[in-house]
$ cat data.cif   # mmCIF, C-alpha atoms and all ligand atoms
data_data
#
loop_
_atom_site.group_PDB
_atom_site.id
_atom_site.type_symbol
_atom_site.label_atom_id
_atom_site.label_comp_id
_atom_site.auth_asym_id
_atom_site.auth_seq_id
_atom_site.Cartn_x
_atom_site.Cartn_y
_atom_site.Cartn_z
ATOM 1 C CA MET A 1 0.000 0.000 0.000
ATOM 2 C CA ALA A 2 1.296 3.443 -0.886
ATOM 3 C CA ARG A 3 2.237 5.623 2.090
ATOM 4 C CA THR A 4 3.579 9.130 2.512
ATOM 5 C CA PRO A 5 6.839 9.048 0.563
ATOM 6 C CA THR A 6 10.150 9.214 2.383
ATOM 7 C CA LEU A 7 13.022 11.174 0.828
ATOM 8 C CA HIS A 8 16.518 9.826 0.241
ATOM 9 C CA LEU A 9 19.554 11.714 -1.015
ATOM 10 C CA GLY A 10 22.119 10.263 -3.393
ATOM 11 C CA LEU A 11 25.464 11.845 -4.309
ATOM 12 C CA ASP A 12 27.527 10.690 -7.281
ATOM 13 C CA LEU A 13 31.182 11.710 -7.015
ATOM 14 C CA GLY A 14 33.021 12.112 -10.306
ATOM 15 C CA GLY A 15 36.321 13.706 -11.231
ATOM 16 C CA THR A 16 34.512 16.517 -13.102
ATOM 17 C CA ASN A 17 31.098 16.883 -11.453
ATOM 18 C CA VAL A 18 29.209 15.904 -8.336
ATOM 19 C CA LYS A 19 25.666 14.891 -9.240
ATOM 20 C CA TRP A 20 22.890 14.623 -6.677
ATOM 21 C CA THR A 21 19.348 13.351 -6.655
ATOM 22 C CA ILE A 22 16.472 13.204 -4.219
ATOM 23 C CA ALA A 23 14.657 9.898 -4.621
ATOM 24 C CA GLU A 24 11.386 9.074 -2.890
ATOM 25 C CA HIS A 25 9.874 5.779 -1.836
ATOM 26 C CA ASP A 26 6.187 5.275 -0.970
ATOM 27 C CA GLY A 27 6.434 1.764 0.425
ATOM 28 C CA THR A 28 6.073 0.221 -3.019
ATOM 29 C CA THR A 29 7.867 2.213 -5.679
ATOM 30 C CA TRP A 30 10.956 4.352 -6.155
ATOM 31 C CA ARG A 31 10.712 7.672 -8.013
ATOM 32 C CA THR A 32 13.149 10.516 -8.504
ATOM 33 C CA ARG A 33 11.930 13.913 -7.327
ATOM 34 C CA ASP A 34 14.774 16.347 -7.999
ATOM 35 C CA ARG A 35 18.361 16.442 -9.199
ATOM 36 C CA GLY A 36 21.293 18.719 -9.946
ATOM 37 C CA GLN A 37 25.046 18.900 -10.272
ATOM 38 C CA GLU A 38 28.022 21.141 -9.579
ATOM 39 C CA PRO A 39 31.717 21.043 -10.552
ATOM 40 C CA THR A 40 33.871 18.883 -8.284
ATOM 41 C CA ALA A 41 36.049 21.049 -6.019
ATOM 42 C CA ALA A 42 39.021 19.022 -7.194
ATOM 43 C CA ALA A 43 41.809 21.561 -6.560
ATOM 44 C CA GLY A 44 42.568 20.427 -3.008
ATOM 45 C CA GLY A 45 41.805 16.725 -3.415
ATOM 46 C CA PRO A 46 40.025 15.248 -0.385
ATOM 47 C CA ALA A 47 40.685 18.430 1.657
ATOM 48 C CA THR A 48 38.245 20.354 -0.548
ATOM 49 C CA ILE A 49 36.057 17.583 -1.947
ATOM 50 C CA VAL A 50 34.918 16.027 1.352
ATOM 51 C CA PRO A 51 33.738 19.398 2.780
ATOM 52 C CA GLN A 52 32.035 20.108 -0.559
ATOM 53 C CA LEU A 53 30.114 16.829 -0.364
ATOM 54 C CA ALA A 54 29.168 17.515 3.259
ATOM 55 C CA ALA A 55 27.904 21.035 2.513
ATOM 56 C CA LEU A 56 26.026 19.886 -0.590
ATOM 57 C CA ALA A 57 24.339 17.068 1.316
ATOM 58 C CA ALA A 58 23.241 19.397 4.119
ATOM 59 C CA ARG A 59 21.891 22.014 1.701
ATOM 60 C CA VAL A 60 20.024 19.651 -0.640
ATOM 61 C CA SER A 61 18.482 17.697 2.226
ATOM 62 C CA ALA A 62 17.275 20.905 3.907
ATOM 63 C CA GLU A 63 15.866 22.335 0.667
ATOM 64 C CA ALA A 64 13.998 19.080 -0.017
ATOM 65 C CA GLY A 65 12.368 19.206 3.402
ATOM 66 C CA GLY A 66 14.549 16.610 5.115
ATOM 67 C CA ALA A 67 15.975 13.415 3.667
ATOM 68 C CA ARG A 68 16.119 10.291 5.844
ATOM 69 C CA SER A 69 19.319 8.807 4.477
ATOM 70 C CA LEU A 70 22.304 9.486 2.250
ATOM 71 C CA GLY A 71 24.264 7.356 -0.166
ATOM 72 C CA LEU A 72 27.505 8.322 -1.922
ATOM 73 C CA THR A 73 29.128 6.664 -4.913
ATOM 74 C CA ILE A 74 32.851 5.941 -4.749
ATOM 75 C CA PRO A 75 34.507 5.665 -8.180
ATOM 76 C CA GLY A 76 37.145 3.291 -6.863
ATOM 77 C CA LEU A 77 38.036 1.197 -3.812
ATOM 78 C CA TYR A 78 36.796 1.776 -0.257
ATOM 79 C CA LEU A 79 36.022 0.160 3.082
ATOM 80 C CA PRO A 80 32.216 -0.060 3.397
ATOM 81 C CA ASP A 81 32.104 -0.520 7.163
ATOM 82 C CA ALA A 82 34.725 2.091 8.055
ATOM 83 C CA GLY A 83 33.409 4.555 5.459
ATOM 84 C CA GLU A 84 36.960 5.194 4.245
ATOM 85 C CA VAL A 85 38.290 5.505 0.723
ATOM 86 C CA LEU A 86 41.297 3.448 -0.387
ATOM 87 C CA PHE A 87 41.914 4.446 -4.001
ATOM 88 C CA LEU A 88 40.241 6.710 -6.579
ATOM 89 C CA PRO A 89 41.907 6.475 -10.000
ATOM 90 C CA ASN A 90 40.073 9.414 -11.606
ATOM 91 C CA VAL A 91 39.667 11.963 -8.788
ATOM 92 C CA PRO A 92 42.631 14.215 -7.844
ATOM 93 C CA GLY A 93 44.452 13.806 -4.522
ATOM 94 C CA ASP A 94 45.747 11.095 -2.227
ATOM 95 C CA TRP A 95 42.665 9.275 -0.926
ATOM 96 C CA ARG A 96 44.326 6.414 0.952
ATOM 97 C CA GLY A 97 42.492 5.941 4.254
ATOM 98 C CA VAL A 98 40.500 9.178 3.984
ATOM 99 C CA PRO A 99 37.340 9.056 6.136
ATOM 100 C CA VAL A 100 34.391 10.116 3.983
ATOM 101 C CA ALA A 101 31.147 8.723 5.395
ATOM 102 C CA ALA A 102 31.558 10.003 8.960
ATOM 103 C CA PRO A 103 32.261 13.710 8.227
ATOM 104 C CA ILE A 104 29.457 13.860 5.655
ATOM 105 C CA ALA A 105 27.028 12.083 7.984
ATOM 106 C CA ALA A 106 27.895 14.530 10.778
ATOM 107 C CA ALA A 107 27.477 17.629 8.601
ATOM 108 C CA ALA A 108 24.240 16.491 6.997
ATOM 109 C CA GLY A 109 22.807 14.749 10.061
ATOM 110 C CA LEU A 110 22.034 11.691 7.946
ATOM 111 C CA PRO A 111 23.044 8.017 8.088
ATOM 112 C CA THR A 112 25.519 7.678 5.220
ATOM 113 C CA ALA A 113 26.574 4.629 3.203
ATOM 114 C CA LEU A 114 29.125 4.254 0.413
ATOM 115 C CA ILE A 115 28.743 2.203 -2.765
ATOM 116 C CA ASN A 116 30.967 1.736 -5.812
ATOM 117 C CA ASP A 117 29.688 3.744 -8.783
ATOM 118 C CA ALA A 118 29.140 0.729 -11.064
ATOM 119 C CA ARG A 119 27.253 -1.102 -8.297
ATOM 120 C CA ALA A 120 25.115 2.043 -7.809
ATOM 121 C CA PHE A 121 24.348 2.032 -11.553
ATOM 122 C CA GLY A 122 23.238 -1.597 -11.283
ATOM 123 C CA LEU A 123 21.094 -1.002 -8.206
ATOM 124 C CA ALA A 124 19.292 1.922 -9.861
ATOM 125 C CA GLU A 125 18.630 0.002 -13.073
ATOM 126 C CA LEU A 126 17.454 -2.999 -11.023
ATOM 127 C CA ARG A 127 14.962 -1.024 -8.913
ATOM 128 C CA LEU A 128 13.547 1.473 -11.422
ATOM 129 C CA GLY A 129 15.331 1.076 -14.767
ATOM 130 C CA ALA A 130 15.948 -1.602 -17.389
ATOM 131 C CA GLY A 131 16.202 -4.370 -14.769
ATOM 132 C CA ARG A 132 12.825 -3.780 -13.086
ATOM 133 C CA GLY A 133 11.295 -7.062 -11.945
ATOM 134 C CA ALA A 134 14.361 -9.158 -12.820
ATOM 135 C CA GLU A 135 16.103 -11.401 -10.290
ATOM 136 C CA THR A 136 19.428 -12.073 -12.002
ATOM 137 C CA VAL A 137 21.082 -9.254 -13.936
ATOM 138 C CA VAL A 138 24.545 -8.542 -15.301
ATOM 139 C CA GLY A 139 25.475 -4.910 -16.008
ATOM 140 C CA ILE A 140 28.420 -3.234 -17.675
ATOM 141 C CA VAL A 141 29.210 0.483 -17.753
ATOM 142 C CA LEU A 142 31.244 1.612 -20.742
ATOM 143 C CA GLY A 143 33.207 4.782 -20.165
ATOM 144 C CA THR A 144 36.744 5.800 -19.247
ATOM 145 C CA GLY A 145 36.991 2.264 -17.902
ATOM 146 C CA VAL A 146 34.656 -0.735 -17.999
ATOM 147 C CA GLY A 147 32.582 -1.019 -14.824
ATOM 148 C CA GLY A 148 30.592 -4.090 -13.888
ATOM 149 C CA VAL A 149 27.793 -5.189 -11.596
ATOM 150 C CA VAL A 150 26.122 -8.481 -10.772
ATOM 151 C CA CYS A 151 22.621 -8.770 -9.279
ATOM 152 C CA VAL A 152 21.440 -12.072 -7.811
ATOM 153 C CA ASN A 153 18.068 -12.777 -6.192
ATOM 154 C CA GLY A 154 17.016 -9.187 -6.855
ATOM 155 C CA ARG A 155 19.974 -7.700 -4.976
ATOM 156 C CA VAL A 156 23.285 -6.195 -6.025
ATOM 157 C CA HIS A 157 26.127 -8.506 -5.067
ATOM 158 C CA THR A 158 28.653 -6.150 -3.461
ATOM 159 C CA GLY A 159 31.150 -8.794 -2.404
ATOM 160 C CA PHE A 160 33.995 -8.291 0.051
ATOM 161 C CA ARG A 161 34.708 -4.548 0.423
ATOM 162 C CA GLY A 162 32.232 -3.696 -2.309
ATOM 163 C CA THR A 163 34.358 -5.013 -5.164
ATOM 164 C CA GLY A 164 32.015 -7.787 -6.351
ATOM 165 C CA GLY A 165 31.103 -7.776 -10.025
ATOM 166 C CA GLU A 166 34.195 -6.188 -11.603
ATOM 167 C CA LEU A 167 33.427 -7.745 -14.981
ATOM 168 C CA GLY A 168 35.761 -5.341 -16.779
ATOM 169 C CA HIS A 169 38.755 -6.921 -15.049
ATOM 170 C CA GLN A 170 38.210 -10.502 -16.180
ATOM 171 C CA THR A 171 41.256 -11.817 -18.011
ATOM 172 C CA ILE A 172 40.332 -12.620 -21.605
ATOM 173 C CA ASP A 173 43.921 -12.861 -22.916
ATOM 174 C CA PRO A 174 46.632 -14.072 -20.521
ATOM 175 C CA ASP A 175 49.335 -12.256 -22.502
ATOM 176 C CA GLY A 176 47.236 -9.241 -23.517
ATOM 177 C CA PRO A 177 47.937 -5.531 -22.969
ATOM 178 C CA TRP A 178 48.442 -4.146 -19.471
ATOM 179 C CA CYS A 179 45.353 -2.859 -17.686
ATOM 180 C CA GLY A 180 45.161 0.046 -15.227
ATOM 181 C CA CYS A 181 44.391 -2.466 -12.456
ATOM 182 C CA GLY A 182 47.843 -4.072 -12.764
ATOM 183 C CA ASN A 183 46.715 -7.242 -14.545
ATOM 184 C CA ARG A 184 47.132 -7.858 -18.262
ATOM 185 C CA GLY A 185 44.563 -8.867 -20.845
ATOM 186 C CA CYS A 186 41.500 -7.560 -18.967
ATOM 187 C CA VAL A 187 38.283 -6.786 -20.860
ATOM 188 C CA GLU A 188 38.878 -3.131 -19.930
ATOM 189 C CA ALA A 189 42.299 -3.124 -21.586
ATOM 190 C CA TYR A 190 40.507 -3.725 -24.908
ATOM 191 C CA ALA A 191 37.202 -1.934 -24.416
ATOM 192 C CA ARG A 192 37.745 1.275 -22.433
ATOM 193 C CA ALA A 193 36.846 4.521 -24.211
ATOM 194 C CA ASP A 194 40.331 5.392 -25.517
ATOM 195 C CA GLN A 195 40.803 1.858 -26.858
ATOM 196 C CA LEU A 196 37.451 2.014 -28.643
ATOM 197 C CA ALA A 197 38.412 5.313 -30.247
ATOM 198 C CA ALA A 198 41.793 3.926 -31.320
ATOM 199 C CA ALA A 199 40.218 0.764 -32.743
ATOM 200 C CA CYS A 200 37.916 2.988 -34.811
ATOM 201 C CA GLY A 201 40.745 5.235 -36.045
ATOM 202 C CA ALA A 202 39.238 8.168 -34.153
ATOM 203 C CA ALA A 203 40.536 10.641 -31.564
ATOM 204 C CA THR A 204 37.508 10.342 -29.270
ATOM 205 C CA PRO A 205 34.593 7.946 -28.701
ATOM 206 C CA GLU A 206 32.253 10.659 -29.999
ATOM 207 C CA GLU A 207 34.203 10.864 -33.255
ATOM 208 C CA ALA A 208 34.201 7.053 -33.481
ATOM 209 C CA HIS A 209 30.400 7.045 -33.106
ATOM 210 C CA ALA A 210 29.943 9.742 -35.752
ATOM 211 C CA ARG A 211 32.215 7.905 -38.198
ATOM 212 C CA ALA A 212 30.421 4.616 -37.659
ATOM 213 C CA LEU A 213 27.035 6.267 -38.221
ATOM 214 C CA ALA A 214 28.414 7.694 -41.475
ATOM 215 C CA GLY A 215 29.358 4.182 -42.576
ATOM 216 C CA ASP A 216 33.137 4.495 -42.154
ATOM 217 C CA ALA A 217 34.483 0.952 -42.592
ATOM 218 C CA ARG A 218 37.281 1.236 -40.039
ATOM 219 C CA ALA A 219 34.952 2.635 -37.378
ATOM 220 C CA LEU A 220 32.421 -0.150 -37.989
ATOM 221 C CA ALA A 221 35.210 -2.727 -37.717
ATOM 222 C CA GLY A 222 36.391 -1.064 -34.495
ATOM 223 C CA TYR A 223 32.972 -1.386 -32.866
ATOM 224 C CA ALA A 224 32.767 -5.020 -33.982
ATOM 225 C CA GLU A 225 36.206 -5.764 -32.513
ATOM 226 C CA VAL A 226 35.604 -4.014 -29.183
ATOM 227 C CA GLY A 227 32.113 -5.510 -28.982
ATOM 228 C CA ARG A 228 33.620 -8.951 -29.466
ATOM 229 C CA TYR A 229 35.946 -8.493 -26.480
ATOM 230 C CA LEU A 230 33.091 -7.146 -24.377
ATOM 231 C CA GLY A 231 30.919 -10.030 -25.540
ATOM 232 C CA ILE A 232 33.491 -12.583 -24.417
ATOM 233 C CA GLY A 233 33.492 -11.051 -20.940
ATOM 234 C CA VAL A 234 29.708 -10.873 -20.837
ATOM 235 C CA ALA A 235 29.402 -14.451 -22.128
ATOM 236 C CA ASN A 236 31.660 -15.634 -19.295
ATOM 237 C CA ALA A 237 29.357 -13.886 -16.822
ATOM 238 C CA CYS A 238 26.297 -15.433 -18.522
ATOM 239 C CA VAL A 239 27.735 -18.936 -18.176
ATOM 240 C CA THR A 240 28.458 -18.270 -14.504
ATOM 241 C CA LEU A 241 25.204 -16.554 -13.545
ATOM 242 C CA THR A 242 22.508 -17.233 -16.208
ATOM 243 C CA PRO A 243 21.059 -13.719 -16.089
ATOM 244 C CA GLU A 244 17.666 -12.780 -17.469
ATOM 245 C CA LYS A 245 19.070 -9.483 -18.653
ATOM 246 C CA VAL A 246 22.386 -7.899 -19.548
ATOM 247 C CA ILE A 247 22.175 -4.116 -19.132
ATOM 248 C CA VAL A 248 24.693 -1.977 -20.993
ATOM 249 C CA GLY A 249 25.193 1.617 -19.810
ATOM 250 C CA GLY A 250 27.749 4.415 -19.851
ATOM 251 C CA GLY A 251 28.563 6.955 -22.519
ATOM 252 C CA ILE A 252 29.695 4.446 -25.157
ATOM 253 C CA ALA A 253 26.381 2.583 -24.862
ATOM 254 C CA ALA A 254 24.827 5.541 -26.733
ATOM 255 C CA ALA A 255 26.120 3.743 -29.844
ATOM 256 C CA GLY A 256 23.206 1.312 -29.372
ATOM 257 C CA ASP A 257 23.241 -1.712 -31.655
ATOM 258 C CA LEU A 258 26.711 -0.828 -32.935
ATOM 259 C CA ILE A 259 27.996 -2.141 -29.611
ATOM 260 C CA LEU A 260 25.045 -4.298 -28.463
ATOM 261 C CA GLU A 261 24.873 -6.519 -31.567
ATOM 262 C CA PRO A 262 28.452 -7.820 -31.349
ATOM 263 C CA ILE A 263 27.851 -8.559 -27.639
ATOM 264 C CA ARG A 264 24.673 -10.493 -28.529
ATOM 265 C CA ALA A 265 26.542 -12.380 -31.267
ATOM 266 C CA GLU A 266 29.279 -13.427 -28.859
ATOM 267 C CA ILE A 267 26.708 -14.666 -26.314
ATOM 268 C CA ARG A 268 25.034 -16.770 -29.048
ATOM 269 C CA ARG A 269 28.427 -18.125 -30.097
ATOM 270 C CA ARG A 270 29.794 -18.973 -26.653
ATOM 271 C CA VAL A 271 26.966 -19.611 -24.188
ATOM 272 C CA ARG A 272 26.048 -23.263 -24.763
ATOM 273 C CA VAL A 273 24.943 -24.393 -21.302
ATOM 274 C CA THR A 274 21.711 -22.393 -21.199
ATOM 275 C CA ASP A 275 19.317 -20.945 -23.760
ATOM 276 C CA ALA A 276 21.341 -17.949 -24.939
ATOM 277 C CA GLU A 277 18.387 -16.603 -26.938
ATOM 278 C CA ARG A 278 16.538 -15.927 -23.667
ATOM 279 C CA ILE A 279 19.239 -13.599 -22.339
ATOM 280 C CA ALA A 280 18.127 -10.063 -23.279
ATOM 281 C CA VAL A 281 20.945 -7.583 -23.921
ATOM 282 C CA VAL A 282 19.362 -4.166 -23.414
ATOM 283 C CA PRO A 283 20.489 -0.546 -23.063
ATOM 284 C CA ALA A 284 20.341 1.104 -19.648
ATOM 285 C CA GLU A 285 17.369 3.435 -19.086
ATOM 286 C CA LEU A 286 18.486 5.946 -16.476
ATOM 287 C CA GLY A 287 21.349 7.634 -18.318
ATOM 288 C CA PRO A 288 24.024 9.629 -16.464
ATOM 289 C CA TRP A 289 21.873 9.917 -13.308
ATOM 290 C CA ALA A 290 21.899 6.198 -12.536
ATOM 291 C CA GLY A 291 24.833 6.542 -10.131
ATOM 292 C CA ALA A 292 23.157 9.216 -7.995
ATOM 293 C CA ILE A 293 19.845 7.320 -8.010
ATOM 294 C CA GLY A 294 21.565 4.061 -7.037
ATOM 295 C CA ALA A 295 23.433 5.854 -4.251
ATOM 296 C CA ALA A 296 20.133 7.182 -2.876
ATOM 297 C CA ILE A 297 18.584 3.697 -2.931
ATOM 298 C CA HIS A 298 21.664 2.111 -1.331
ATOM 299 C CA GLY A 299 21.739 4.706 1.455
ATOM 300 C CA ALA A 300 18.050 4.043 2.169
ATOM 301 C CA GLU A 301 18.432 0.266 2.136
ATOM 302 C CA GLN A 302 21.425 0.435 4.488
ATOM 303 C CA ALA A 303 19.831 2.760 7.073
ATOM 304 C CA PRO A 304 17.569 0.948 9.577
ATOM 305 C CA GLY A 305 14.041 2.370 9.553
ATOM 306 C CA ALA A 306 14.714 4.853 6.744
ATOM 307 C CA LEU A 307 12.172 3.354 4.351
ATOM 308 C CA PRO A 308 8.383 3.293 4.932
ATOM 309 C CA SER A 309 7.493 0.101 6.811
HETATM 310 ZN ZN ZN A 401 42.059 -4.841 -15.198
#

$ encode --input "data.cif" --output "structure tokens" --more "lines below"
Ligand SMILES: [Zn+2]
Amino acid sequence: MARTPTLHLGLDLGGTNVKWTIAEHDGTTWRTRDRGQEPTAAAGGPATIVPQLAALAARVSAEAGGARSLGLTIPGLYLPDAGEVLFLPNVPGDWRGVPVAAPIAAAAGLPTALINDARAFGLAELRLGAGRGAETVVGIVLGTGVGGVVCVNGRVHTGFRGTGGELGHQTIDPDGPWCGCGNRGCVEAYARADQLAAACGAATPEEAHARALAGDARALAGYAEVGRYLGIGVANACVTLTPEKVIVGGGIAAAGDLILEPIRAEIRRRVRVTDAERIAVVPAELGPWAGAIGAAIHGAEQAPGALPS
């Protein structure tokens, strides 16, 4: 039964912008009520960014009329229980051991939980996006890197220290190129944005997309090649998990079937232990706000009593 909605704040920390959203839950359904963004105060690293997040959380919660919980995406590694960051590859500053959850919780007066940005994407798509109603979902986020998320029994599998589901760091070639994670031959080493652009003979992913749409043969071949590597990684996940849906998000997913079709082809080619035709490979629905929405949902689900009972 629908009740008076409760409000939940989500913050999505990126190297360029901090996005926020107010999501509401009425006992049955999640909706987003408001959202915004501001440039990340990156100049001082954690010394300026953590106070920025704290002030933003306090202001947005007050303006909304009082949120009950707060979630924050971490684009890297962190300690969920301690609320500390370990490593952020794409945000300036030395983040090793920096407490984040506690100072923000104190400033905003809200219970605060951290979640990896790709896991937040998956949680948002699972609750109110392309994964609605599904129990088992695999998600990939195609951007600067290749993020991943695994949902089982209708829940995001966060794993030890929140690192569960890093599908972009599966080894698909034991002697392949080095990856930013320190391993070689990862899916990400072949399929991150700069590699896609290079495979298409373009300077940027946007240029690669434009060339492919114009029928440029090298760009089309580049998408097919990168999609094949992604498809191998996704097929491995399909064999392991038998998902109902594979959700593809991130900026590069705007290429639609240019990138989705080679993934589907690789699943048909390699997944032999279940009915590969029943695995739907679909684009994400929530766009660049999925991280903030997923953070809001995670914060609510982690805070006792925050959701309508
Ligand atoms: Zn890797």

$ closest_residue --input "data.cif" --among "A:Ala105, A:Leu241, A:Leu53, A:Ala120" --to "Glu135 of chain A" --atoms "all atoms listed in the file"
A:Leu241

$ atom_distance --input "data.cif" --atom1 "atom CA of Ala58 of chain A" --atom2 "atom CA of Asn17 of chain A"
17.6 Å

$ residues_near_ligand --input "data.cif" --ligand "ligand ZN 401 (chain A)" --cutoff "10 Å" --atoms "only C-alpha atoms and all ligand atoms" --output "list in words"
Gly145, Val146, Glu166, Leu167, Gly168, His169, Gln170, Thr171, Pro177, Trp178, Cys179, Gly180, Cys181, Gly182, Asn183, Arg184, Gly185, Cys186, Val187, Glu188, Ala189 and Tyr190 of chain A

$ atom_distance --input "data.cif" --atom1 "atom CA of Cys151 of chain A" --atom2 "atom CA of Gly165 of chain A"
8.6 Å

$ closest_residue --input "data.cif" --among "A:Phe87, A:Phe121, A:Trp30, A:Trp289" --to "Val138 of chain A" --atoms "all atoms listed in the file"
A:Phe121

$ resolve_selection --input "data.cif" --expression "the PyMOL selection byres (((chain A and resi 84) around 7) and not hetatm)" --output "PyMOL selection string"
chain A and resi 78-79+82-83+85-86+97-101

$ resolve_selection --input "data.cif" --expression "the PyMOL selection byres (((chain A and resi 66-68) around 12) and not hetatm)" --output "compact mmCIF listing (two decimals) with C-alpha atoms, in the coordinates of the input"
# COMPACT_ATOMS: atom_id res chain seq x y z
CA PRO A 5 6.84 9.05 0.56
CA THR A 6 10.15 9.21 2.38
CA LEU A 7 13.02 11.17 0.83
CA HIS A 8 16.52 9.83 0.24
CA LEU A 9 19.55 11.71 -1.01
CA GLY A 10 22.12 10.26 -3.39
CA THR A 21 19.35 13.35 -6.66
CA ILE A 22 16.47 13.20 -4.22
CA ALA A 23 14.66 9.90 -4.62
CA GLU A 24 11.39 9.07 -2.89
CA HIS A 25 9.87 5.78 -1.84
CA ARG A 33 11.93 13.91 -7.33
CA ALA A 57 24.34 17.07 1.32
CA ALA A 58 23.24 19.40 4.12
CA ARG A 59 21.89 22.01 1.70
CA VAL A 60 20.02 19.65 -0.64
CA SER A 61 18.48 17.70 2.23
CA ALA A 62 17.27 20.90 3.91
CA GLU A 63 15.87 22.34 0.67
CA ALA A 64 14.00 19.08 -0.02
CA GLY A 65 12.37 19.21 3.40
CA SER A 69 19.32 8.81 4.48
CA LEU A 70 22.30 9.49 2.25
CA GLY A 71 24.26 7.36 -0.17
CA ALA A 105 27.03 12.08 7.98
CA ALA A 108 24.24 16.49 7.00
CA GLY A 109 22.81 14.75 10.06
CA LEU A 110 22.03 11.69 7.95
CA PRO A 111 23.04 8.02 8.09
CA THR A 112 25.52 7.68 5.22
CA ALA A 296 20.13 7.18 -2.88
CA ILE A 297 18.58 3.70 -2.93
CA GLY A 299 21.74 4.71 1.46
CA ALA A 300 18.05 4.04 2.17
CA GLU A 301 18.43 0.27 2.14
CA GLN A 302 21.42 0.44 4.49
CA ALA A 303 19.83 2.76 7.07
CA PRO A 304 17.57 0.95 9.58
CA GLY A 305 14.04 2.37 9.55
CA ALA A 306 14.71 4.85 6.74
CA LEU A 307 12.17 3.35 4.35
CA PRO A 308 8.38 3.29 4.93

$ resolve_selection --input "data.cif" --expression "the PyMOL selection byres (((chain A and resi 11) around 6) and not hetatm)" --output "PyMOL selection string"
chain A and resi 10+12+19-20+72+292

$ axis_aligned_box --input "data.cif" --around "segment 247-259 of chain A" --padding-each-side "8 Å" --output "JSON"
{"center_x": 25.9, "center_y": 1.4, "center_z": -26.0, "size_x": 23.5, "size_y": 27.1, "size_z": 29.8}

$ residues_around --input "data.cif" --residues "Gly227 of chain A" --least-positions-apart "2" --cutoff "7 Å" --atoms "all atoms listed in the file" --output "list in words"
Tyr223, Ala224, Glu225, Tyr229, Leu230, Gly231, Ile259, Pro262 and Ile263 of chain A

$ write_last_selection --input "data.cif" --atoms "C-alpha atoms" --output "CSV table (one decimal), in the coordinates of the input"
chain,number,residue,atom,x,y,z
A,223,TYR,CA,33.0,-1.4,-32.9
A,224,ALA,CA,32.8,-5.0,-34.0
A,225,GLU,CA,36.2,-5.8,-32.5
A,229,TYR,CA,35.9,-8.5,-26.5
A,230,LEU,CA,33.1,-7.1,-24.4
A,231,GLY,CA,30.9,-10.0,-25.5
A,259,ILE,CA,28.0,-2.1,-29.6
A,262,PRO,CA,28.5,-7.8,-31.3
A,263,ILE,CA,27.9,-8.6,-27.6

$ residues_near_point --input "data.cif" --point "(15.3, -3.4, -10.6)" --cutoff "12 Å" --atoms "all atoms listed in the file" --output "PyMOL selection string"
chain A and resi 29-30+120-139+150-156+244-245+247+284-286+290+293-294+297

$ atom_distance --input "data.cif" --atom1 "atom CA of Val50 of chain A" --atom2 "atom CA of His298 of chain A"
19.4 Å

$ closest_residue --input "data.cif" --among "A:Ala47, A:Val273, A:Leu56, A:Ile252" --to "Ala210 of chain A" --atoms "all atoms listed in the file"
A:Ile252

$ residues_near_point --input "data.cif" --point "(26.9, -12.1, -30.6)" --cutoff "12 Å" --atoms "all atoms listed in the file" --output "number ranges by chain"
A: 224-235, 257-271, 276-277, 279-281

$ closest_residue --input "data.cif" --among "A:Arg31, A:Arg161, A:His209, A:Arg119" --to "Val149 of chain A" --atoms "all atoms listed in the file"
A:Arg119

$ build_atoms --input "data.cif" --residues "segment 58-67 of chain A" --atoms "N, CA and C atoms" --output "JSON list (two decimals), in the frame of the given file"
[["chain", "number", "residue", "atom", "x", "y", "z"],
["A", 58, "ALA", "N", 24.03, 18.66, 3.13],
["A", 58, "ALA", "CA", 23.24, 19.40, 4.12],
["A", 58, "ALA", "C", 22.27, 20.34, 3.42],
["A", 59, "ARG", "N", 22.74, 21.03, 2.39],
["A", 59, "ARG", "CA", 21.89, 22.01, 1.70],
["A", 59, "ARG", "C", 20.74, 21.33, 0.96],
["A", 60, "VAL", "N", 21.06, 20.29, 0.17],
["A", 60, "VAL", "CA", 20.02, 19.65, -0.64],
["A", 60, "VAL", "C", 18.98, 18.98, 0.25],
["A", 61, "SER", "N", 19.43, 18.35, 1.32],
["A", 61, "SER", "CA", 18.48, 17.70, 2.23],
["A", 61, "SER", "C", 17.54, 18.73, 2.85],
["A", 62, "ALA", "N", 18.11, 19.87, 3.28],
["A", 62, "ALA", "CA", 17.27, 20.90, 3.91],
["A", 62, "ALA", "C", 16.28, 21.48, 2.90],
["A", 63, "GLU", "N", 16.74, 21.74, 1.68],
["A", 63, "GLU", "CA", 15.87, 22.34, 0.67],
["A", 63, "GLU", "C", 14.74, 21.38, 0.28],
["A", 64, "ALA", "N", 15.02, 20.07, 0.35],
["A", 64, "ALA", "CA", 14.00, 19.08, -0.02],
["A", 64, "ALA", "C", 12.97, 18.88, 1.10],
["A", 65, "GLY", "N", 13.28, 19.39, 2.28],
["A", 65, "GLY", "CA", 12.37, 19.21, 3.40],
["A", 65, "GLY", "C", 12.77, 18.08, 4.32],
["A", 66, "GLY", "N", 14.03, 17.61, 4.18],
["A", 66, "GLY", "CA", 14.55, 16.61, 5.12],
["A", 66, "GLY", "C", 14.59, 15.21, 4.55],
["A", 67, "ALA", "N", 15.79, 14.80, 4.10],
["A", 67, "ALA", "CA", 15.98, 13.42, 3.67],
["A", 67, "ALA", "C", 16.17, 12.53, 4.90]]
